[in-house]
Each structure stands twice: as C-alpha cells, then as structure tokens.
$ cat start-v7.cif   # mmCIF, C-alpha atoms
data_model
#
loop_
_atom_site.label_atom_id
_atom_site.label_comp_id
_atom_site.auth_asym_id
_atom_site.auth_seq_id
_atom_site.Cartn_x
_atom_site.Cartn_y
_atom_site.Cartn_z
CA GLU A 17 -179.20 -30.82 -11.05
CA GLU A 18 -181.46 -32.35 -13.68
CA GLN A 19 -180.01 -32.47 -17.15
CA ALA A 20 -181.93 -32.62 -20.42
CA GLN A 21 -181.50 -35.73 -22.50
CA VAL A 22 -181.86 -35.78 -26.25
CA LYS A 23 -183.23 -38.94 -27.79
CA GLY A 24 -184.12 -39.86 -31.34
CA ILE A 25 -187.63 -40.44 -32.67
CA ASP A 26 -186.95 -44.15 -32.61
CA GLN A 27 -186.60 -43.90 -28.78
CA MET A 28 -189.79 -41.86 -28.37
CA LEU A 29 -191.93 -44.63 -26.88
CA GLU A 30 -189.26 -45.66 -24.37
CA ALA A 31 -188.89 -42.00 -23.33
CA ILE A 32 -192.66 -41.68 -22.88
CA GLU A 33 -192.73 -44.79 -20.71
CA SER A 34 -190.25 -43.23 -18.26
CA SER A 35 -191.89 -39.78 -18.22
CA ASP A 36 -194.80 -38.29 -16.31
CA ILE A 37 -195.63 -35.30 -18.52
CA ILE A 38 -195.26 -35.48 -22.28
CA PHE A 39 -195.40 -32.47 -24.62
CA THR A 40 -195.67 -33.08 -28.35
CA SER A 41 -194.77 -30.49 -30.96
CA THR A 42 -193.71 -31.83 -34.32
CA GLY A 43 -194.44 -31.00 -37.91
CA ALA A 44 -195.98 -34.39 -38.56
CA PRO A 45 -199.11 -34.13 -40.75
CA GLU A 46 -200.83 -36.94 -38.82
CA PRO A 47 -200.92 -38.13 -35.19
CA ILE A 48 -197.81 -39.99 -34.08
CA LEU A 49 -199.19 -41.28 -30.78
CA HIS A 50 -202.13 -43.67 -30.70
CA GLU A 51 -203.75 -45.93 -28.19
CA SER A 52 -202.25 -48.86 -30.08
CA ASN A 53 -198.58 -47.82 -29.88
CA LEU A 54 -198.93 -46.66 -26.26
CA GLN A 55 -200.72 -49.77 -25.06
CA GLY A 56 -198.69 -51.38 -22.27
CA ARG A 57 -196.39 -48.34 -21.91
CA VAL A 58 -198.68 -46.15 -19.80
CA LYS A 59 -198.27 -48.02 -16.51
CA SER A 60 -198.55 -44.95 -14.28
CA ARG A 61 -200.52 -41.72 -14.48
CA LYS A 62 -199.26 -39.57 -17.37
CA VAL A 63 -200.27 -36.24 -18.82
CA PHE A 64 -200.03 -35.70 -22.58
CA VAL A 65 -200.04 -32.11 -23.81
CA ASP A 66 -200.33 -31.72 -27.58
CA ILE A 67 -199.38 -28.21 -28.72
CA SER A 68 -199.03 -29.20 -32.36
CA VAL A 69 -201.22 -28.12 -35.26
CA PRO A 70 -202.20 -30.47 -36.76
CA ARG A 71 -202.37 -32.70 -33.70
CA ASN A 72 -199.69 -35.22 -32.80
CA ILE A 73 -201.83 -37.17 -30.34
CA ASP A 74 -204.75 -39.21 -31.57
CA GLU A 75 -208.12 -39.04 -29.80
CA SER A 76 -207.83 -42.73 -28.98
CA VAL A 77 -205.06 -42.06 -26.42
CA LYS A 78 -207.66 -40.72 -23.94
CA HIS A 79 -209.11 -44.23 -23.77
CA LEU A 80 -206.06 -45.33 -21.78
CA ASP A 81 -207.04 -45.40 -18.09
CA LEU A 82 -203.90 -43.67 -16.80
CA ALA A 83 -203.57 -41.12 -19.59
CA ARG A 84 -204.85 -37.53 -19.47
CA THR A 85 -204.65 -35.69 -22.78
CA TYR A 86 -204.81 -31.99 -23.57
CA ASN A 87 -204.57 -30.22 -26.90
CA VAL A 88 -204.46 -26.59 -28.03
CA ASP A 89 -208.23 -26.26 -27.90
CA ASP A 90 -208.29 -27.65 -24.36
CA LEU A 91 -205.63 -25.17 -23.33
CA LYS A 92 -207.65 -22.31 -24.83
CA VAL A 93 -210.70 -23.37 -22.81
CA LEU A 94 -208.54 -23.66 -19.69
CA VAL A 95 -207.02 -20.23 -20.25
CA ALA A 96 -210.47 -18.71 -20.87
CA SER A 97 -211.81 -20.36 -17.71
CA ASN A 98 -208.90 -19.09 -15.63
CA HIS A 99 -209.30 -15.64 -17.15
CA ALA A 100 -213.01 -15.63 -16.23
CA LYS A 101 -212.19 -16.70 -12.67
CA ARG A 102 -209.54 -14.00 -12.38
CA ARG A 103 -211.95 -11.42 -13.80
CA LYS A 104 -214.56 -12.42 -11.24
CA LEU A 105 -211.99 -12.14 -8.45
CA VAL A 106 -210.95 -8.72 -9.76
CA GLU A 107 -214.58 -7.57 -9.74
CA GLN A 108 -215.01 -8.82 -6.18
CA ALA A 109 -211.80 -7.05 -5.18
CA GLU A 110 -213.03 -3.83 -6.82
CA VAL A 111 -216.25 -3.98 -4.79
CA ILE A 112 -214.29 -4.51 -1.57
CA LEU A 113 -211.93 -1.66 -2.44
CA ALA A 114 -214.85 0.66 -3.22
CA GLU A 115 -216.47 -0.16 0.13
CA GLU A 116 -213.22 0.30 2.03
CA PHE A 117 -212.52 3.58 0.21
CA GLU A 118 -215.96 4.86 1.17
CA ASN A 119 -215.38 3.80 4.77
CA PHE A 120 -211.99 5.53 4.72
CA GLU A 121 -213.50 8.74 3.36
CA ILE A 122 -216.18 8.68 6.09
CA TRP A 123 -213.49 8.07 8.71
CA LYS A 124 -211.34 10.87 7.32
CA LEU A 125 -214.25 13.29 7.39
CA SER A 126 -215.12 12.20 10.92
CA LEU A 127 -211.70 13.39 12.11
CA GLY A 128 -213.00 16.94 11.86
CA THR A 129 -215.67 16.16 14.45
CA ILE A 130 -213.37 14.48 16.97
CA PRO A 131 -212.80 17.66 19.06
CA MET A 132 -216.57 18.16 19.31
CA ILE A 133 -217.18 14.52 20.18
CA THR A 134 -214.47 14.66 22.84
CA ALA A 135 -215.90 17.88 24.29
CA LEU A 136 -219.36 16.35 24.30
CA GLN A 137 -218.14 13.26 26.13
CA ASP A 138 -216.18 15.35 28.65
CA LYS A 139 -219.18 17.60 29.36
CA ALA A 140 -221.50 14.62 29.81
CA GLU A 141 -219.02 12.84 32.06
CA ALA A 142 -218.56 15.95 34.19
CA ILE A 143 -222.33 16.28 34.66
CA ARG A 144 -222.70 12.58 35.38
CA THR A 145 -219.92 12.59 37.97
CA ALA A 146 -221.20 15.71 39.72
CA GLU A 147 -224.78 14.47 39.92
CA LEU A 148 -223.67 11.03 40.99
CA GLU A 149 -221.62 12.46 43.85
CA LYS A 150 -224.60 14.49 45.02
CA SER A 151 -226.82 11.42 45.02
CA LEU A 152 -224.28 9.12 46.64
CA SER A 153 -223.79 11.56 49.52
CA LYS A 154 -227.44 10.98 50.38
CA LEU A 155 -227.15 7.23 49.90
CA SER A 156 -224.39 6.46 52.35
CA GLY A 157 -225.87 3.09 53.16
CA LEU A 158 -224.99 1.59 49.76
CA THR A 159 -222.52 -1.27 49.65
CA PRO A 160 -219.49 -1.06 47.33
CA ALA A 161 -221.25 -3.46 44.95
CA GLU A 162 -224.37 -1.31 44.91
CA ARG A 163 -222.32 1.85 44.33
CA ALA A 164 -220.61 0.10 41.38
CA THR A 165 -224.04 -0.83 39.99
CA VAL A 166 -225.20 2.78 40.21
CA GLU A 167 -221.96 3.87 38.54
CA ARG A 168 -222.52 1.48 35.62
CA LEU A 169 -226.15 2.55 35.37
CA THR A 170 -225.32 6.23 35.05
CA LYS A 171 -222.60 5.56 32.51
CA GLY A 172 -225.00 3.44 30.48
CA ILE A 173 -227.62 6.19 30.46
CA VAL A 174 -225.08 8.81 29.37
CA ASN A 175 -223.69 6.57 26.61
CA LYS A 176 -227.17 5.90 25.24
CA LEU A 177 -228.05 9.59 25.27
CA LEU A 178 -224.81 10.51 23.46
CA HIS A 179 -224.95 7.68 20.94
CA GLY A 180 -227.33 9.46 18.53
CA PRO A 181 -225.55 12.85 18.38
CA MET A 182 -222.06 11.33 18.20
CA ASN A 183 -223.03 8.80 15.55
CA HIS A 184 -224.57 11.58 13.47
CA LEU A 185 -221.43 13.68 13.83
CA ARG A 186 -219.28 10.77 12.65
CA THR A 187 -221.37 10.03 9.57
CA VAL A 188 -222.06 13.51 8.15
CA ASP A 189 -220.04 13.62 4.93
CA ASP A 190 -221.06 17.04 3.58
CA LEU A 191 -218.69 19.76 4.82
CA GLU A 192 -221.35 22.47 5.10
CA GLU A 193 -223.79 20.16 6.84
CA ARG A 194 -221.07 18.94 9.21
CA THR A 195 -220.12 22.51 10.14
CA HIS A 196 -223.77 23.35 10.81
CA THR A 197 -224.23 20.16 12.84
CA VAL A 198 -221.16 20.86 14.98
CA LYS A 199 -222.43 24.36 15.74
CA SER A 200 -225.90 23.06 16.58
CA VAL A 201 -224.53 20.40 18.90
CA ALA A 202 -222.30 22.98 20.59
CA LYS A 203 -225.28 25.26 21.21
CA MET A 204 -227.46 22.44 22.53
CA PHE A 205 -224.99 20.61 24.74
CA LEU A 206 -221.94 22.77 25.41
CA LYS A 207 -223.42 26.22 25.95
CA GLU A 208 -222.90 27.41 29.53
CA ASP A 209 -226.05 27.68 31.59
CA THR A 210 -226.50 31.39 32.41
CA THR A 211 -230.08 31.15 33.62
CA SER A 212 -229.14 31.29 37.32
CA GLY A 213 -226.97 34.34 36.70
CA ARG A 214 -229.80 36.20 34.98
CA THR A 215 -232.17 35.29 37.78
CA LYS A 216 -229.84 36.70 40.38
CA LYS A 217 -229.43 39.95 38.49
CA ASN A 218 -233.15 40.29 38.00
CA GLY A 219 -233.66 39.63 41.69
CA LYS A 220 -231.28 42.44 42.61
CA LYS A 221 -233.08 44.85 40.29
CA ARG A 222 -236.45 44.04 41.85
CA LYS A 223 -234.93 44.55 45.29
CA ASN A 224 -233.60 47.96 44.27
CA ARG A 225 -237.02 49.01 43.02
CA LYS A 226 -238.52 48.24 46.47
CA LYS A 227 -236.03 50.60 48.05
#

$ encode --input "start-v7.cif" --output "structure tokens"
Amino acid sequence: EEQAQVKGIDQMLEAIESSDIIFTSTGAPEPILHESNLQGRVKSRKVFVDISVPRNIDESVKHLDLARTYNVDDLKVLVASNHAKRRKLVEQAEVILAEEFENFEIWKLSLGTIPMITALQDKAEAIRTAELEKSLSKLSGLTPAERATVERLTKGIVNKLLHGPMNHLRTVDDLEERTHTVKSVAKMFLKEDTTSGRTKKNGKKRKNRKK
C-alpha cells in the first residue's frame, strides 16, 4: 500500500521533481512556484493544479514544455463544460425516453386489438387455404416447386390485403375510436356470409307459391 510522506517546505522542489501531479494550497500571498525555480526539475510530464486563492503557481510555469497548469478558474470552466455536456446528454436521454414511452403506450393500447387481429388473420388464412385447395385440385400437373410458388403468392396477397386494417388497429390510440374500429372490422371481415341461406329460403318460398 502507498503511504503518504510529509516533507517540509524546504524539500518542496525535490518532492515536485519526483511527482506526476502536484496540488498547491497554501496561504502564501504570492506565487511560490515559478518557471525559474522549476527549470531543470520538470523532466517528465507533470500536472500542476493550483487551488489556492491567491494563486501559488505563477503564469510563467506554463512555459515549461512538460508542465500543464490548472487553477481555480480553469477548474470552474472545466466543471461548467462538463455540466453542459451532461445537461445535453440528459436532454438527449429525455427525448429518447419520451419516444420510447410513446411507443410503449401505443404497444399497450394495441394489446386490446390482438384478439381481433388474430381472428382476422385466422379468417383470412382459412379462406386462403380453402380457395387454394380448390384451385390446386384443378391444377394437378403442377410440380412441387410450382405449388410452393403458388402457396407463397397467395400468402403474399393475403398479407398485403391485411396490412392496412391490422396496422390501423395497432395504431389507434383513442379508446372510443379503437372500439368503433374493432366493431367495423368485425362487420366487414368476420361476419358470416348468410346470402346463400337467404337465397335458398327465398327459392323455397317461390316454389311453394307455384304449388
């Protein structure tokens, strides 16, 4: 473990020569370190930090090639600069959080439409499969590769047709509008086709009238 060493003011220059970072904080009314008394002692890169008021390190020290000097004013500028950078990062983070929160709220609201979206997909897939089977029974000469191509084609058509309604369902954020949209989609796409049943009944009635 490193141990602190206490040395007298008369050993200050020797201590500086063997140090990399030097902090000065004395009650001296005038600078105690100058370019002149440090000349020949700064043989490697050193950082001088003067936290004294008035200053302990003379401006001339910065003329030494391997010396970097900082005083209280420099530290204030550095702190202000770091604070500005942190503030900018905070603002950027706030923007990201706001966007992610909005996306989360949209996702949360979309959960209410998942049953409808699933039902819509199931209904479309059932229709696609049934119609595809009817067509393929008449196209027995297709190769497996050609059948796979037709399969992909029909899936692509269905997906494109469903993209608009499903995307709208996912993005509606108003509860009343979403409820109305779900009902409208259900009526348009999920309502059972009773036309053939009505036709049959009407046909029977006409037949009875002839009798």

$ closest_residue --input "start-v7.cif" --among "A:Asp89, A:Glu167, A:Glu107, A:Glu33" --to "A:Arg57" --atoms "only C-alpha atoms"
A:Glu33

$ resolve_selection --input "start-v7.cif" --expression "the PyMOL selection byres ((chain A and resi 171-180) around 9)" --output "VMD selection string"
chain A and resid 136 to 137 140 to 141 144 166 to 170 181 to 185

$ closest_residue --input "start-v7.cif" --among "A:Leu113, A:Ala164, A:Leu105, A:Leu80" --to "A:Asn53" --atoms "only C-alpha atoms"
A:Leu80

$ atom_distance --input "start-v7.cif" --atom1 "atom CA of A:Thr145" --atom2 "atom CA of A:Arg163"
12.7 Å

$ closest_residue --input "start-v7.cif" --among "A:Arg61, A:Glu116, A:Asn72, A:Val201" --to "A:Ser41" --atoms "all atoms listed in the file"
A:Asn72

$ atom_distance --input "start-v7.cif" --atom1 "atom CA of A:Phe64" --atom2 "atom CA of A:Ile25"
16.7 Å

$ residues_around --input "start-v7.cif" --residues "A:Val77" --least-positions-apart "2" --cutoff "10 Å" --atoms "only C-alpha atoms" --output "PyMOL selection string"
chain A and resi 49-55+64+73-75+79-85

$ atom_distance --input "start-v7.cif" --atom1 "atom CA of A:Phe39" --atom2 "atom CA of A:Ile67"
7.1 Å

$ closest_residue --input "start-v7.cif" --among "A:Pro70, A:Gly157, A:Asn98, A:Val58" --to "A:Gly43" --atoms "only C-alpha atoms"
A:Pro70

$ resolve_selection --input "start-v7.cif" --expression "the PyMOL selection byres ((chain A and resi 38) around 8)" --output "list in words"
Ile32, Ser35, Asp36, Ile37, Phe39, Thr40, Lys62, Val63, Phe64 and Val65 of chain A

$ resolve_selection --input "start-v7.cif" --expression "the PyMOL selection byres ((chain A and resi 198) around 12)" --output "VMD selection string"
chain A and resid 126 128 to 133 135 to 136 181 to 182 184 to 186 188 191 to 197 199 to 206

$ axis_aligned_box --input "start-v7.cif" --around "stretch 133-143 of chain A" --padding-each-side "3 Å" --output "AutoDock Vina command-line options"
--center_x -218.4 --center_y 15.4 --center_z 27.4 --size_x 13.9 --size_y 11.0 --size_z 20.5

$ closest_residue --input "start-v7.cif" --among "A:Ser34, A:Ser151, A:Gln27, A:Thr187" --to "A:Phe120" --atoms "all atoms listed in the file"
A:Thr187
